[in-house]
Every structure is written in C-alpha cells, then in structure tokens.
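Peer 1: Pasting a structure here, questions to come.
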Amino acid sequence: MKPRLMSIAYVLAICIVLVLSILSFLDTRELLRTEGVGRTTRDAIERLEAVQITADEFEGNAQAFLLTGDPSYSTAFQASSQTLDDQEAAADQATAGRPGLEHDRDVLRGLIQQMRTGTIRGLSRPDGQVQTHPDDALIRDLAGTRAALGRIATQMRAELEAQLVVERAQHRFLRNGSVVIAGGGVVALAVILVIGFLLLQERQRRKAIEMDHNRFFDLSIDLFCLANIKGFFTRVNPAFPRLLGYTLEELTTRPIMAFVHPDDRERSLHELAVLGEGKDLIEFENRYVCKDGSIVWLMWNCKSYLSRQMVFGTARNITRAKIMERKLLENEQNLERALRAERRSLLELQSHSVALERSNRELKEFAHVAAHDLQEPLRMVSSYCAMLGETYRGKLDPDADEIITLAVDGAKRMQVLIQDMLVYARVDSSALQLAAAALSPIIGEARLNLQAAISESRAQIVYDELPDVWVDRRQIVQLLQNLIGNAIKYRSEEIPVIRITASRIEHAWRISIMDNGIGIAPRHHDRVFGMFKRLHTRDKYSGTGIGLAVCRKIVEIHGGTIWVESTGVGGSTFHFTIPDQPSPTATPGPVPILPAAPSTTTSSNSVVSAGVEAQESITA
C-alpha cells in the first residue's frame with residue numbers, strides 16, 4: 001500500500017473510532033437511562049402490589065374489628081390505614097410522569113382516600129366512641145371500594161408491565177448496539193494500530209532512505225545544491241567547500257553570482273532567469289572563482305520547482321576536460337600546421353622525384369651512349385696496345401715495354417670494370433620474375449659456372465636437403481655464384497670446404513654459406529658490402545670490389561637481408577634471408593642505373609671470372 005493511501009486510511013480509521021466513541025457514549029447513556037426507567041417501572045409495579053396487599057389487610061382488619069369489636073383488630077386497623085397511606089404515597093411517586101397512568105393514579109388515589117375516610121366515618125359515633133357492629137351496607141361499600149381499588153391497581157400494573165416489556169426490549173437493543181459499537185471500535189482500533197505500525201515502518205524506511213540520500217549527498221565528489229529563485233544557495237554538499245575553498249556559511253549567505261567568473265555572469269544570469277520561468281537547465285557550463293583565486297569550470301544540470309520556489313542542481317568539475325580540450329585544440333592546430341608543412345614537403349619531394357626521374361632518364365640515355373661508345377674504343381685501345389706489344393716487345397727500350405704492358409693492363413681492367421657495373425645495373429626489382437624454385441638445383445647451376453675455379457682449388461661444396469623458395473632464379477644463381485666464388489678466391493692454405501645450410505625463422509628462410517678461408521675482421525663486416533670497397537691491393541687479389549654489393553642488392557630486392565659473421569681467422573659465414581611469401585620489398589636507397597651492355601660475344605669463363613674477381617673487397 002502506498003504511504004498516501006495508508007495515511008488516508010489511518011485518518012479514516014481515527015474518524016471512525018471517534019464516531020464510534022460518540023455513539024458508544026450516547027448508547028451507554030441511553031442504556032443507563034432505560035435501565036433506570038425499567039428499575040423505576042419494576043419499583044412502581046411492586047408499589048402497586050404493596051398497595052393491593054395493604055388494601056386487603058386494611059379491609060380484613062376493618063371487617064374483623066367491625067364484626068368482633070376486638071380492640072386488637074382496632075390497632076391493626078389503624079396500622080394498616082397508616083401503611084396504606086404510606087404505600088399510596090410511594091405508588092403515586094413511583095407512577096408519577098408515566099404516560100397513560102395520570103387518570104388511573106387519580107382514581108387509585110381517590111379509592112384509597114374513599115376507603116380510609118369512608119370506613120373511618122362509618123365507624124365514628126357522635127360521642128366520639130368507635131361504633132361496632134355496623135350495618136351490612138358499610139361492609140359492602142368497603143368491599144366494593146377495595147375491589148375497585150384492586151381492579152385499578154391491576155390495570156395500572158398491566159400497563160406498567162407492558163411498558164416494562166418495551167423497556168426491556170429497548171434495553172436489549174441498546175445493549176446489543178453497544179456490543180456492535182464496541183466491536184467496531186476494537187476493529188477500528190486494530191486497524192489504527194496496524195496502519196500506525198505500517199506508517200511507522202514507512203517513516204523509518206523513509207528516514208533510512210533520507211539518511212542514505214544525505215550520505216550520498218555528503219560523500220559525492222560531484223557538487224549537489226539547493227537554491228532559491230532569488231539566487232542564493234540554501235544547502236550545498238561538502239564537495240562545494242572542498243572545490244571552491246569557501247565555508248558553508250560563505251556559500252549560503254552570499255549571492256550565487258558572487259562566485260561566478262565576471263566574464264560568465266551575464267550568461268549565468270540569463271540561465272537563472274530561465275530557471276525562474278520553471279524550465280530546466282541542461283549541461284550549462286560556466287566558470288567559478290575559488291577562494292584562492294584559481295578558476296574552475298563547472299557543468300550544471302538543474303531542475304526548477306516553482307511550487308516550492310526551489311532549484312535543485314548538480315554540477316561536475318570539468319576543468320581537467322577543458323584543459324585537455326584546449327591542449328587538444330592546440331595539438332590539432334599544430335597538427336594542421338605540420339600537415340600543411342608535410343604537404344609542402346610532399347610537393348617538394350614530388351618535384352624532386354620528378355627531377356630525379358628526369359635525371360635518371362637522362363643518365364640512362366647517357367649510360368646507353370657511354371656503354372656503346374666506351375666499349376669500342378677500349379677494345380680498339382686494347383687491341384692496338386697488344387699489337388704494339390707483340391710487334392715492338394724487345395725492339396724498344398725496357399721503359400717502352402713497361403709502358404705498353406701497363407697500357408694493355410689498364411685497358412683490360414677498364415673493360416672488366418664496365419662489365420661489372422653493367423652486371424650491378426642489371427639487378428633491378430622491376431625485372432623480377434618470382435617463382436617457386438628448389439635451392440639444390442640452383443646451387444648445382446652455380447657450381448657448373450664455377451667449375452674451373454672449383455677444379456683448380458679442389459674445393460668441396462657440401463649441403464643437405466634445402467627448401468624451395470620464391471625467387472628470381474637468374475638472380476639467385478648470380479648471388480650463390482658470387483658467394484661460393486668469393487669463398488674459393490679468399491681461401492686459406494687448406495683445401496676450401498664450403499658448407500651450405502638452411503634454417504626456418506619467422507616468415508622467412510635463412511641461408512648460410514660457411515667457409516674455412518682467411519676470414520674477415522669484424523670492423524669490416526659492414527664495409528665489405530659497399531661499392532668499390534677494396535681491402536687488398538690488386539697485385540694480391542684482382543677485381544673491382546662490386547661483387548658483394550651485387551649480392552646485397554639481389555637479397556634486398558627480394559625482401560631479405562644479408563650479413564657476415566667472422567672473427568678474422570678460421571673462415572667466414574655469410575647469411576642471407578629470403579621471405580617465404582612472394583612479396584619482395586623495394587630496393588634500398590637510390591643507386592646508379594646503368595643500361596645493359598651491347599650484345600657482345602663473351603664466353604662463360606669470362607663471366608665467371610668477372611663474378612669471382614668482383615669479390616676483392618674481402619680482407620683477412
């Protein structure tokens with residue numbers, strides 16, 4: 001049951017109890033009255049019976065005295081007369097005010113008076129003595145009067161008994177009504193007690209809820225307040241003084257606008273006027289000035305109750321969010337400036353890229369011309385120098401022979417250098433033709449190309465079962481040929497033993513070529529993969545120093561990496577990785593783009609020699 005309905009029922013029950021109390025009072029009073037009336041009626045009936053009995057005694061004593069003249073009957077007669085007079089007075093008093101008995105009372109009173117006075121007059125003599133032995137008429141008159149008195153007394157008794165029956169019925173009705181009223185009162189009182197108990201429980205529950213609300217009100221980190229329409233706080237939770245630094249008295253005795261930042265007061269006054277019109281305030285933000293002078297941002301949600309002239313409000317401290325918002329705005333502005341700068345850089349880069357592409361095209365065109373024009377003069381110079389050597393060797397002085405020898409040697413080295421540069425230029429990612437290939441046949445092809453060097457050095461090439469990889473077969477043959485030839489070229493005094501292994505790493509295969517050669521000093525591990533990086537003189541190891549640069553370029557355009565491990569003695573191990581998916585990465589850094597050499601008739605041995613001699617960048 002709702003508290004409002006219980007309160008209404010409680011008030012109704014109290015009203016019912018009051019009405020029942022009034023009815024019970026009236027019923028009790030009427031019950032007492034009817035009981036008194038009944039008692040009076042019974043008394044009147046008894047008085048009338050006493051009158052009849054006394055009248056009979058009076059008649060008997062009078063007749064006995066008249067007939068016998070015995071003085072003792074005279075005394076009894078006198079006593080009966082006095083008693084009859086007393087009984088008549090009592091009966092008259094008992095029947096006074098009874099409806100329907102006024103005439104009978106008068107008749108009864110007259111008969112008693114006639115009976116007493118008539119008898120006394122009949123017995124009196126002129127000399128004052130009592131007359132005895134009267135005539136029969138006096139006795140008959142006395143008997144007739146007594147009989148009339150008995151009839152009227154009996155009639156009055158019958159009337160009183162009828163009234164007594166009515167009074168007893170009314171008394172029973174009133175008594176039953178009293179029981180009903182008392183029962184209703186008990187029921188109403190029980191209802192009052194039950195509803196009172198329920199209302200007490202509801203009050204305790206509401207008190208507990210109010211206490212919980214007060215705890216929530218006091219413990220909340222958000223700001224809760226009650227304010228009036230005039231613009232004053234009437235109650236604030238402890239979060240207010242904690243945040244603003246003012247005391248509760250200061251917050252509730254000063255106008256709200258005294259705490260608002262001056263720049264926000266106009267907007268706040270407008271919103272306060274909106275609340276005064278009964279409208280709600282949703283997510284309104286303004287600044288408050290703390291007691292120490294600092295500024296905090298608050299976001300308000302308020303609801304107005306015009307019937308109570310009150311405003312309920314909650315506020316949240318959003319200062320940190322505002323600071324972050326300002327920083328975010330600054331970051332966005334900085335990012336926008338950076339993006340504009342980046343766009344300018346991209347435009348400049350695109351411009352440079354276009355210029356670089358144009359330069360590469362021009363360089364490529366130049367390389368075509370240079371490759372064609374340089375090869376022929378070099379062959380001509382080399383041929384004529386050889387002819388000079390054959391014709392005039394020994395015929396000129398020794399200096400001339402040495403000059404001719406140096407000229408022939410320089411022309412040959414220039415020709416080899418141009419061929420190696422063309423080999424390097426042919427390694428191009430745009431020309432990749434990836435396909436799944438087994439490494440074992442590729443190594444076999446590289447061994448076939450290096451057959452002369454292998455036979456000369458009696459080198460042993462050992463490898464187990466190797467995996468299939470996604471590669472450009474032509475370029476991987478060149479890679480392995482260079483690395484195996486490099487191991488043969490820079491061998492130690494022992495017979496070269498070259499071991500090739502493969503191991504699985506994350507998303508790739510690692511291929512390792514381990515030899516027992518002269519090794520590479522750790523400080524040169526990165527330098528050996530550079531272009532034209534020679535670590536030995538030409539008289540000890542021939543070559544141009546391009547071979548390992550070609551190896552690095554082949555590995556990187558396949559999306560892998562290459563490195564060397566060596567302590568400087570006891571051989572070296574070259575490792576390179578090949579991804580297990582056909583997705584080669586871009587080539588690293590811009591490199592000179594040189595065209596392929598014009599079609600010339602170069603033997604396979606000269607190609608192998610160029611590949612081997614290109615590894616001269618390795619040092620012990």
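Residue names in the structure tokens use chain letters A, B, ... in the order shown, residue numbers from 1 in each chain, and ligand numbers from 1 in the order shown.
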Do a neighbour search on A:Ile513 at 12 Å with only C-alpha atoms, toss out local chain neighbours closer than 6 positions, and write the hits as a ChimeraX atom specification.

Peer 2: /A:443,461-463,479-488,497-503,562-566,571-577

Peer 1: When you look at A:Gly293 with a cut-off of 12 Å (counting only C-alpha atoms), what residues show up, excluding the ones that are within fewer than 6 positions of it in the same chain? I need them as a count of residues only.

Peer 2: 8

Peer 1: Considering only C-alpha atoms, return as a ChimeraX atom specification whatever protein or nucleic-acid residues lie within 10 Å of A:Gly144, sequence-local ones (same chain, fewer than 5 positions apart) excluded.

Peer 2: /A:111,115,138-139,149-150

Peer 1: Keeping N, CA and C atoms for every residue in the selection just given, could you write it to a file as a short mmCIF file (atom, residue, chain, number, x, y, z; two decimals), in the first residue's frame?

Peer 2:
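So the final result, stored in result.cif, reads:
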data_model
loop_
_atom_site.label_atom_id
_atom_site.label_comp_id
_atom_site.auth_asym_id
_atom_site.auth_seq_id
_atom_site.Cartn_x
_atom_site.Cartn_y
_atom_site.Cartn_z
N LEU A 111 -59.86 6.21 45.42
CA LEU A 111 -60.39 4.99 46.02
C LEU A 111 -59.75 4.73 47.38
N MET A 115 -61.74 4.71 50.70
CA MET A 115 -61.72 3.50 51.51
C MET A 115 -61.34 3.84 52.95
N LEU A 138 -72.12 -0.80 55.13
CA LEU A 138 -70.76 -0.30 55.30
C LEU A 138 -69.75 -1.35 54.86
N ILE A 139 -70.04 -2.61 55.21
CA ILE A 139 -69.11 -3.69 54.83
C ILE A 139 -69.12 -3.86 53.31
N LEU A 149 -60.47 -0.75 43.90
CA LEU A 149 -59.05 -0.41 44.05
C LEU A 149 -58.19 -1.51 43.47
N GLY A 150 -58.58 -2.77 43.71
CA GLY A 150 -57.79 -3.89 43.16
C GLY A 150 -57.80 -3.86 41.63
#

Peer 1: Calculate how many Å separate atom CA of A:Arg105 from atom CA of A:Ala162, rounding to one decimal.

Peer 2: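 Spanning atom CA of A:Arg105 to atom CA of A:Ala162 is a straight-line distance of 16.8 Å.
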